[in-house]
Each structure stands twice: as C-alpha cells, then as structure tokens.
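Novice: Dropping in run.txt, with compact mmCIF, C-alpha atoms and all ligand atoms.
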# COMPACT_ATOMS: atom_id res chain seq x y z
CA MET I 1 -129.98 26.36 272.73
CA THR I 2 -128.15 28.60 270.29
CA LEU I 3 -125.20 26.97 268.55
CA ARG I 4 -122.39 28.98 267.03
CA GLY I 5 -120.11 28.13 264.19
CA GLY I 6 -118.05 29.44 261.35
CA CYS I 7 -115.42 28.77 258.77
CA LEU I 8 -111.75 28.01 259.18
CA CYS I 9 -110.45 31.56 258.62
CA GLY I 10 -113.07 33.06 260.92
CA ALA I 11 -114.57 35.42 258.35
CA VAL I 12 -117.91 33.65 258.18
CA ARG I 13 -119.76 33.23 261.46
CA PHE I 14 -123.27 31.89 262.02
CA ILE I 15 -125.71 31.02 264.74
CA TYR I 16 -128.23 28.23 264.73
CA ASP I 17 -131.24 27.73 266.92
CA GLY I 18 -133.22 24.55 266.36
CA PRO I 19 -132.97 20.80 266.20
CA LEU I 20 -129.94 19.05 264.72
CA GLY I 21 -131.09 15.82 263.17
CA GLU I 22 -133.85 14.49 265.43
CA GLU I 23 -137.23 14.87 263.69
CA LEU I 24 -135.54 16.36 260.62
CA GLY I 25 -133.69 13.15 259.82
CA ALA I 26 -130.54 11.24 260.61
CA VAL I 27 -127.11 12.70 261.30
CA THR I 28 -124.97 11.11 258.62
CA VAL I 29 -121.59 10.76 257.07
CA CYS I 30 -121.96 10.80 253.31
CA PHE I 31 -119.36 9.03 251.21
CA CYS I 32 -120.71 9.99 247.78
CA SER I 33 -118.13 11.04 245.24
CA GLN I 34 -119.27 14.69 245.39
CA CYS I 35 -118.83 14.91 249.17
CA ARG I 36 -115.40 13.29 248.90
CA LYS I 37 -114.34 15.84 246.27
CA ALA I 38 -115.83 18.76 248.17
CA GLN I 39 -114.50 17.84 251.59
CA GLY I 40 -111.58 15.48 251.17
CA PHE I 41 -113.37 12.62 252.88
CA GLY I 42 -116.94 11.82 253.92
CA ALA I 43 -119.10 14.78 254.90
CA ALA I 44 -120.50 14.74 258.44
CA VAL I 45 -123.90 16.36 258.12
CA ALA I 46 -126.87 17.17 260.35
CA PRO I 47 -130.19 18.34 258.97
CA ALA I 48 -131.19 21.69 260.45
CA LEU I 49 -134.03 24.19 260.02
CA ALA I 50 -133.18 26.91 257.52
CA ALA I 51 -135.33 29.31 259.55
CA GLY I 52 -133.06 28.84 262.59
CA PHE I 53 -129.85 29.55 260.72
CA SER I 54 -128.38 33.05 260.43
CA ILE I 55 -125.06 34.20 259.09
CA THR I 56 -123.81 36.90 261.44
CA SER I 57 -120.50 37.82 259.83
CA SER I 58 -119.25 38.09 256.24
CA ALA I 59 -122.38 36.78 254.52
CA GLU I 60 -120.96 38.21 251.31
CA THR I 61 -118.04 35.79 251.61
CA VAL I 62 -120.30 32.73 251.56
CA THR I 63 -120.06 31.14 248.14
CA GLU I 64 -122.68 28.77 246.85
CA TYR I 65 -121.92 26.16 244.23
CA GLU I 66 -124.66 24.21 242.49
CA SER I 67 -123.04 20.78 242.50
CA SER I 68 -126.05 19.10 240.90
CA PRO I 69 -129.28 20.58 239.57
CA GLY I 70 -131.19 22.13 242.45
CA LYS I 71 -128.54 21.29 245.06
CA VAL I 72 -126.22 23.95 246.38
CA ARG I 73 -123.13 23.57 248.54
CA ALA I 74 -122.10 26.63 250.54
CA PHE I 75 -118.58 27.33 251.69
CA CYS I 76 -116.37 30.24 252.69
CA GLY I 77 -115.06 31.92 249.56
CA ARG I 78 -111.85 32.82 251.37
CA CYS I 79 -110.77 29.61 253.13
CA GLY I 80 -112.99 27.06 251.41
CA ALA I 81 -114.47 25.62 254.58
CA PRO I 82 -117.76 23.81 253.92
CA LEU I 83 -120.74 25.27 255.79
CA TYR I 84 -123.99 23.70 254.59
CA SER I 85 -125.86 22.39 251.61
CA ARG I 86 -129.45 22.92 250.61
CA ARG I 87 -131.88 21.73 247.98
CA ASP I 88 -134.41 23.83 246.11
CA ALA I 89 -136.86 20.95 246.61
CA SER I 90 -136.69 21.25 250.41
CA PRO I 91 -136.06 24.91 251.22
CA ALA I 92 -136.97 24.57 254.90
CA VAL I 93 -133.98 22.33 255.61
CA LEU I 94 -130.25 22.99 255.49
CA ARG I 95 -127.71 20.26 255.91
CA LEU I 96 -125.12 21.71 258.26
CA ARG I 97 -121.55 20.47 258.12
CA LEU I 98 -120.83 19.35 261.66
CA GLY I 99 -117.21 20.47 261.40
CA ALA I 100 -118.35 24.08 260.99
CA LEU I 101 -119.93 24.11 264.45
CA ASP I 102 -117.80 25.40 267.32
CA ASP I 103 -119.42 22.88 269.64
CA VAL I 104 -121.76 20.04 268.84
CA PRO I 105 -124.39 19.22 271.47
CA ALA I 106 -123.34 16.47 273.88
CA GLY I 107 -124.66 13.12 272.84
CA LEU I 108 -124.94 13.91 269.14
CA ARG I 109 -123.56 10.99 267.16
CA ILE I 110 -123.28 9.93 263.55
CA GLU I 111 -126.33 7.74 263.08
CA ALA I 112 -125.74 6.44 259.58
CA GLN I 113 -123.12 6.14 256.87
CA ILE I 114 -124.64 6.73 253.46
CA PHE I 115 -123.59 6.17 249.85
CA THR I 116 -121.17 3.52 251.06
CA GLU I 117 -121.53 1.78 247.70
CA GLU I 118 -119.63 4.75 246.24
CA ALA I 119 -117.02 4.69 248.98
CA PRO I 120 -113.62 3.41 247.97
CA GLU I 121 -111.91 0.88 250.19
CA TRP I 122 -109.60 3.50 251.67
CA THR I 123 -112.50 5.22 253.43
CA SER I 124 -112.94 2.25 255.82
CA PHE I 125 -110.88 3.15 258.84
CA ALA I 126 -112.71 1.70 261.85
CA GLU I 127 -109.90 -0.78 262.46
CA SER I 128 -107.13 1.85 262.32
CA PRO I 129 -105.22 2.67 265.51
CA ARG I 130 -106.09 6.00 267.14
CA TYR I 131 -103.54 8.50 268.47
CA GLY I 132 -104.19 11.64 270.46
CA GLY I 133 -101.81 13.59 268.24
CA LEU I 134 -99.72 12.74 265.20
CA GLU I 135 -99.01 9.12 264.40
CA PRO I 136 -95.68 7.79 265.70
CA GLY I 137 -92.69 8.80 263.57
CA ARG I 138 -94.08 12.14 262.34
CA SER I 139 -93.33 15.50 263.91
ZN ZN I 201 -113.19 31.39 255.83
Now that the file is in, can you turn its structure into structure tokens?
Specialist:
Amino acid sequence: MTLRGGCLCGAVRFIYDGPLGEELGAVTVCFCSQCRKAQGFGAAVAPALAAGFSITSSAETVTEYESSPGKVRAFCGRCGAPLYSRRDASPAVLRLRLGALDDVPAGLRIEAQIFTEEAPEWTSFAESPRYGGLEPGRS
C-alpha cells in the first residue's frame, strides 16, 4: 500500500511504500527535550524503510538539521512542518512523523512512550477531558 503525505503548506509531498513500525520497531511518542523543542510536544514517530520513501514535490524545500551528531531532523523549509529524522548509523531506516502522513493505516497505534523521564509534568494529559472541537468558552 502506498501512503502519501506532506508538509503543512503543501509544498513538500512524499510517497511511502513499506512497513510502518512492525518489524522495524515500535511506533512511539518521544518526549525527549529535542522532540519537544522541534515539535511543540512529543513527536509521534513510526520507523520506515528509507528505500520506500520518495519526495515527489519540492525536494529542494526540505531542510535537514543535525540536532545531534549523526542525527538529522528534516522539515519543510517554508512552513516548518516536521517530516522525518534519520541517523547516519542506520541509513536504511527513516523515522517518519506520523502527522505528516495524509492517512495512517487503520489499526496503527502508538505502542510506546519514550524518554518519559525527560517529560515535564505538563505532558501527562491522559486524564484531560476530550472535546470534538475547541474547549468550552473559546471561539
Ligand atoms: Zn511546507
């Protein structure tokens, strides 16, 4: 199944054909301080095969930032939307940001929360009420 995705502004588009998670590893939310700075909250990430990933539009707009030695985070240079990260040490695997996918396969779930020891208390929200739109009192 070919998955499609892209950035917020629509400049960068990609396709992906291959497993998401599964034998490549767990689908996670990472609460490390770098992911919080890069993405505003935890990063929802699925390991994917680099060989199955192709940027189909505006590849020149994709900006890569080496956030730690040998680890690169890629995002749209126009809108800032996170796309994937990769490590020099494991070039066959990309870590796709789930939010960049137009549709995530049915049944895919976050399987683990990682770096929770770095997560501040405010990131725990499981007990918060859920609303289909804005919270009451805000328009
Ligand atoms: Zn963009």
Novice: Using all atoms listed in the file, which residues of the polymer chains come no farther than 7 Å from ligand ZN 201 (chain I)? I'd like the answer as a PDB file with C-alpha atoms, in the coordinates of the input.
Specialist:
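The new file pocket_2.pdb reads:
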ATOM      1  CA  CYS I   7    -115.420  28.770 258.770  1.00  0.00           C
ATOM      2  CA  LEU I   8    -111.750  28.010 259.180  1.00  0.00           C
ATOM      3  CA  CYS I   9    -110.450  31.560 258.620  1.00  0.00           C
ATOM      4  CA  GLY I  10    -113.070  33.060 260.920  1.00  0.00           C
ATOM      5  CA  ALA I  11    -114.570  35.420 258.350  1.00  0.00           C
ATOM      6  CA  VAL I  12    -117.910  33.650 258.180  1.00  0.00           C
ATOM      7  CA  CYS I  76    -116.370  30.240 252.690  1.00  0.00           C
ATOM      8  CA  GLY I  77    -115.060  31.920 249.560  1.00  0.00           C
ATOM      9  CA  ARG I  78    -111.850  32.820 251.370  1.00  0.00           C
ATOM     10  CA  CYS I  79    -110.770  29.610 253.130  1.00  0.00           C
ATOM     11  CA  GLY I  80    -112.990  27.060 251.410  1.00  0.00           C
ATOM     12  CA  ALA I  81    -114.470  25.620 254.580  1.00  0.00           C
TER      13      ALA I  81
END
Novice: Which distance in Å separates CA of Leu94 in chain I and CA of Ala51 in chain I, to one decimal?
Specialist: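 About the pair CA of Leu94 in chain I and CA of Ala51 in chain I: they are 9.1 Å apart.
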Novice: I want to know what sits within 12 Å of Ala38 in chain I, based on all atoms listed in the file, with residues of the same chain fewer than 2 positions away left out; could you give that as JSON, numbers by chain?
Specialist: {"I": [30, 31, 32, 33, 34, 35, 36, 40, 41, 42, 43, 44, 65, 66, 67, 72, 73, 74, 75, 80, 81, 82, 83, 84, 85, 97]}
Novice: Write the selection just made, keeping C-alpha atoms, as a PDB file, in the coordinates of the input?
Specialist:
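Resulting contents of selection01.pdb:
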ATOM      1  CA  CYS I  30    -121.960  10.800 253.310  1.00  0.00           C
ATOM      2  CA  PHE I  31    -119.360   9.030 251.210  1.00  0.00           C
ATOM      3  CA  CYS I  32    -120.710   9.990 247.780  1.00  0.00           C
ATOM      4  CA  SER I  33    -118.130  11.040 245.240  1.00  0.00           C
ATOM      5  CA  GLN I  34    -119.270  14.690 245.390  1.00  0.00           C
ATOM      6  CA  CYS I  35    -118.830  14.910 249.170  1.00  0.00           C
ATOM      7  CA  ARG I  36    -115.400  13.290 248.900  1.00  0.00           C
ATOM      8  CA  GLY I  40    -111.580  15.480 251.170  1.00  0.00           C
ATOM      9  CA  PHE I  41    -113.370  12.620 252.880  1.00  0.00           C
ATOM     10  CA  GLY I  42    -116.940  11.820 253.920  1.00  0.00           C
ATOM     11  CA  ALA I  43    -119.100  14.780 254.900  1.00  0.00           C
ATOM     12  CA  ALA I  44    -120.500  14.740 258.440  1.00  0.00           C
ATOM     13  CA  TYR I  65    -121.920  26.160 244.230  1.00  0.00           C
ATOM     14  CA  GLU I  66    -124.660  24.210 242.490  1.00  0.00           C
ATOM     15  CA  SER I  67    -123.040  20.780 242.500  1.00  0.00           C
ATOM     16  CA  VAL I  72    -126.220  23.950 246.380  1.00  0.00           C
ATOM     17  CA  ARG I  73    -123.130  23.570 248.540  1.00  0.00           C
ATOM     18  CA  ALA I  74    -122.100  26.630 250.540  1.00  0.00           C
ATOM     19  CA  PHE I  75    -118.580  27.330 251.690  1.00  0.00           C
ATOM     20  CA  GLY I  80    -112.990  27.060 251.410  1.00  0.00           C
ATOM     21  CA  ALA I  81    -114.470  25.620 254.580  1.00  0.00           C
ATOM     22  CA  PRO I  82    -117.760  23.810 253.920  1.00  0.00           C
ATOM     23  CA  LEU I  83    -120.740  25.270 255.790  1.00  0.00           C
ATOM     24  CA  TYR I  84    -123.990  23.700 254.590  1.00  0.00           C
ATOM     25  CA  SER I  85    -125.860  22.390 251.610  1.00  0.00           C
ATOM     26  CA  ARG I  97    -121.550  20.470 258.120  1.00  0.00           C
TER      27      ARG I  97
END
Novice: Please compute the CA of Phe14 in chain I-CA of Ala89 in chain I distance, one decimal, in Å.
Specialist: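 Computing the Euclidean distance for CA of Phe14 in chain I and CA of Ala89 in chain I yields 23.3 Å.
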Novice: Got a sec: who's within 6 Å of range 48-50 of chain I, counting only C-alpha atoms, leaving out chain neighbours fewer than 4 positions off, as a list in words?
Specialist: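 Returned residues: Leu20, Ala92, Val93, Leu94 and Arg95 of chain I.
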Novice: Could you dump the residues just selected with C-alpha atoms as a PDB file, keeping the file's coordinate frame?
Specialist:
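Output below, filename part_26.pdb:
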ATOM      1  CA  LEU I  20    -129.940  19.050 264.720  1.00  0.00           C
ATOM      2  CA  ALA I  92    -136.970  24.570 254.900  1.00  0.00           C
ATOM      3  CA  VAL I  93    -133.980  22.330 255.610  1.00  0.00           C
ATOM      4  CA  LEU I  94    -130.250  22.990 255.490  1.00  0.00           C
ATOM      5  CA  ARG I  95    -127.710  20.260 255.910  1.00  0.00           C
TER       6      ARG I  95
END
Novice: Rank I:Leu3, I:Ala26, I:Ala59, I:Leu98 by their smallest atom-to-atom distance to Gln39 in chain I, using all atoms listed in the file, and report the top residue only.
Specialist: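 Of the candidates, the smallest distance to Gln39 in chain I is held by I:Leu98.
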Novice: At what distance in Å, to one decimal, does CA of Thr28 in chain I lie from CA of Arg109 in chain I?
Specialist: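 Interatomic distance, CA of Arg109 in chain I to CA of Thr28 in chain I: 8.7 Å.
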Novice: In terms of the shortest atom-to-atom distance over only C-alpha atoms, which of I:Ser68, I:Pro105, I:Gly6, I:Ala100 is closest to Arg87 in chain I?
Specialist: I:Ser68
Novice: Between I:Asp88, I:Asp103, I:Glu64, I:Glu118, which is the closest to Ile15 in chain I once you count only C-alpha atoms?
Specialist: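 Of I:Asp88, I:Asp103, I:Glu64, I:Glu118, the one nearest Ile15 in chain I, counting only C-alpha atoms, is I:Asp103.
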Novice: Please complete range 103-139 of chain I with N, CA and C atoms and give it back as a short mmCIF file (atom, residue, chain, number, x, y, z; two decimals), keeping the file's coordinate frame.
Specialist:
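As written to disk, selection-v6.cif reads:
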data_model
loop_
_atom_site.label_atom_id
_atom_site.label_comp_id
_atom_site.auth_asym_id
_atom_site.auth_seq_id
_atom_site.Cartn_x
_atom_site.Cartn_y
_atom_site.Cartn_z
N ASP I 103 -119.14 23.95 268.70
CA ASP I 103 -119.42 22.88 269.64
C ASP I 103 -120.68 22.17 269.18
N VAL I 104 -120.61 20.86 269.20
CA VAL I 104 -121.76 20.04 268.84
C VAL I 104 -122.42 19.60 270.15
N PRO I 105 -123.74 19.61 270.22
CA PRO I 105 -124.39 19.22 271.47
C PRO I 105 -123.93 17.85 271.97
N ALA I 106 -123.75 17.74 273.28
CA ALA I 106 -123.34 16.47 273.88
C ALA I 106 -124.33 15.39 273.48
N GLY I 107 -123.80 14.25 273.18
CA GLY I 107 -124.66 13.12 272.84
C GLY I 107 -124.96 12.99 271.36
N LEU I 108 -124.69 14.03 270.58
CA LEU I 108 -124.94 13.91 269.14
C LEU I 108 -123.93 12.93 268.54
N ARG I 109 -124.42 12.01 267.77
CA ARG I 109 -123.56 10.99 267.16
C ARG I 109 -123.94 10.82 265.70
N ILE I 110 -122.98 10.36 264.91
CA ILE I 110 -123.28 9.93 263.55
C ILE I 110 -124.19 8.72 263.65
N GLU I 111 -125.34 8.81 262.99
CA GLU I 111 -126.33 7.74 263.08
C GLU I 111 -126.32 6.81 261.87
N ALA I 112 -125.75 7.28 260.78
CA ALA I 112 -125.74 6.44 259.58
C ALA I 112 -124.62 6.86 258.66
N GLN I 113 -124.07 5.89 257.96
CA GLN I 113 -123.12 6.14 256.87
C GLN I 113 -123.87 5.88 255.57
N ILE I 114 -123.83 6.87 254.68
CA ILE I 114 -124.64 6.73 253.46
C ILE I 114 -123.76 6.80 252.21
N PHE I 115 -124.30 6.31 251.13
CA PHE I 115 -123.59 6.17 249.85
C PHE I 115 -122.30 5.38 250.02
N THR I 116 -122.37 4.35 250.86
CA THR I 116 -121.17 3.52 251.06
C THR I 116 -120.85 2.70 249.82
N GLU I 117 -121.84 2.51 248.94
CA GLU I 117 -121.53 1.78 247.70
C GLU I 117 -120.60 2.58 246.81
N GLU I 118 -120.56 3.91 247.01
CA GLU I 118 -119.63 4.75 246.24
C GLU I 118 -118.30 4.93 246.95
N ALA I 119 -118.21 4.43 248.18
CA ALA I 119 -117.02 4.69 248.98
C ALA I 119 -115.90 3.74 248.58
N PRO I 120 -114.74 4.30 248.25
CA PRO I 120 -113.62 3.41 247.97
C PRO I 120 -113.12 2.74 249.26
N GLU I 121 -112.38 1.68 249.05
CA GLU I 121 -111.91 0.88 250.19
C GLU I 121 -111.15 1.73 251.20
N TRP I 122 -110.43 2.73 250.74
CA TRP I 122 -109.60 3.50 251.67
C TRP I 122 -110.40 4.28 252.69
N THR I 123 -111.70 4.45 252.47
CA THR I 123 -112.50 5.22 253.43
C THR I 123 -112.89 4.39 254.66
N SER I 124 -112.64 3.09 254.64
CA SER I 124 -112.94 2.25 255.82
C SER I 124 -111.77 2.33 256.78
N PHE I 125 -112.00 2.91 257.93
CA PHE I 125 -110.88 3.15 258.84
C PHE I 125 -111.18 2.71 260.27
N ALA I 126 -112.31 2.04 260.48
CA ALA I 126 -112.71 1.70 261.85
C ALA I 126 -111.67 0.86 262.57
N GLU I 127 -110.89 0.10 261.82
CA GLU I 127 -109.90 -0.78 262.46
C GLU I 127 -108.56 -0.07 262.67
N SER I 128 -108.43 1.16 262.21
CA SER I 128 -107.13 1.85 262.32
C SER I 128 -106.85 2.22 263.76
N PRO I 129 -105.55 2.19 264.16
CA PRO I 129 -105.22 2.67 265.51
C PRO I 129 -105.51 4.15 265.65
N ARG I 130 -105.79 4.60 266.86
CA ARG I 130 -106.09 6.00 267.14
C ARG I 130 -104.98 6.59 268.01
N TYR I 131 -104.56 7.80 267.70
CA TYR I 131 -103.54 8.50 268.47
C TYR I 131 -104.08 9.87 268.85
N GLY I 132 -103.71 10.34 270.01
CA GLY I 132 -104.19 11.64 270.46
C GLY I 132 -103.60 12.79 269.69
N GLY I 133 -102.45 12.58 269.09
CA GLY I 133 -101.81 13.59 268.24
C GLY I 133 -101.37 12.92 266.96
N LEU I 134 -100.22 13.35 266.43
CA LEU I 134 -99.72 12.74 265.20
C LEU I 134 -99.40 11.26 265.40
N GLU I 135 -99.41 10.51 264.31
CA GLU I 135 -99.01 9.12 264.40
C GLU I 135 -97.52 9.03 264.73
N PRO I 136 -97.10 7.93 265.35
CA PRO I 136 -95.68 7.79 265.70
C PRO I 136 -94.79 7.96 264.48
N GLY I 137 -93.66 8.65 264.65
CA GLY I 137 -92.69 8.80 263.57
C GLY I 137 -92.87 10.08 262.78
N ARG I 138 -93.89 10.88 263.07
CA ARG I 138 -94.08 12.14 262.34
C ARG I 138 -94.09 13.28 263.33
N SER I 139 -93.35 14.34 263.00
CA SER I 139 -93.33 15.50 263.91
C SER I 139 -93.65 16.78 263.15
#
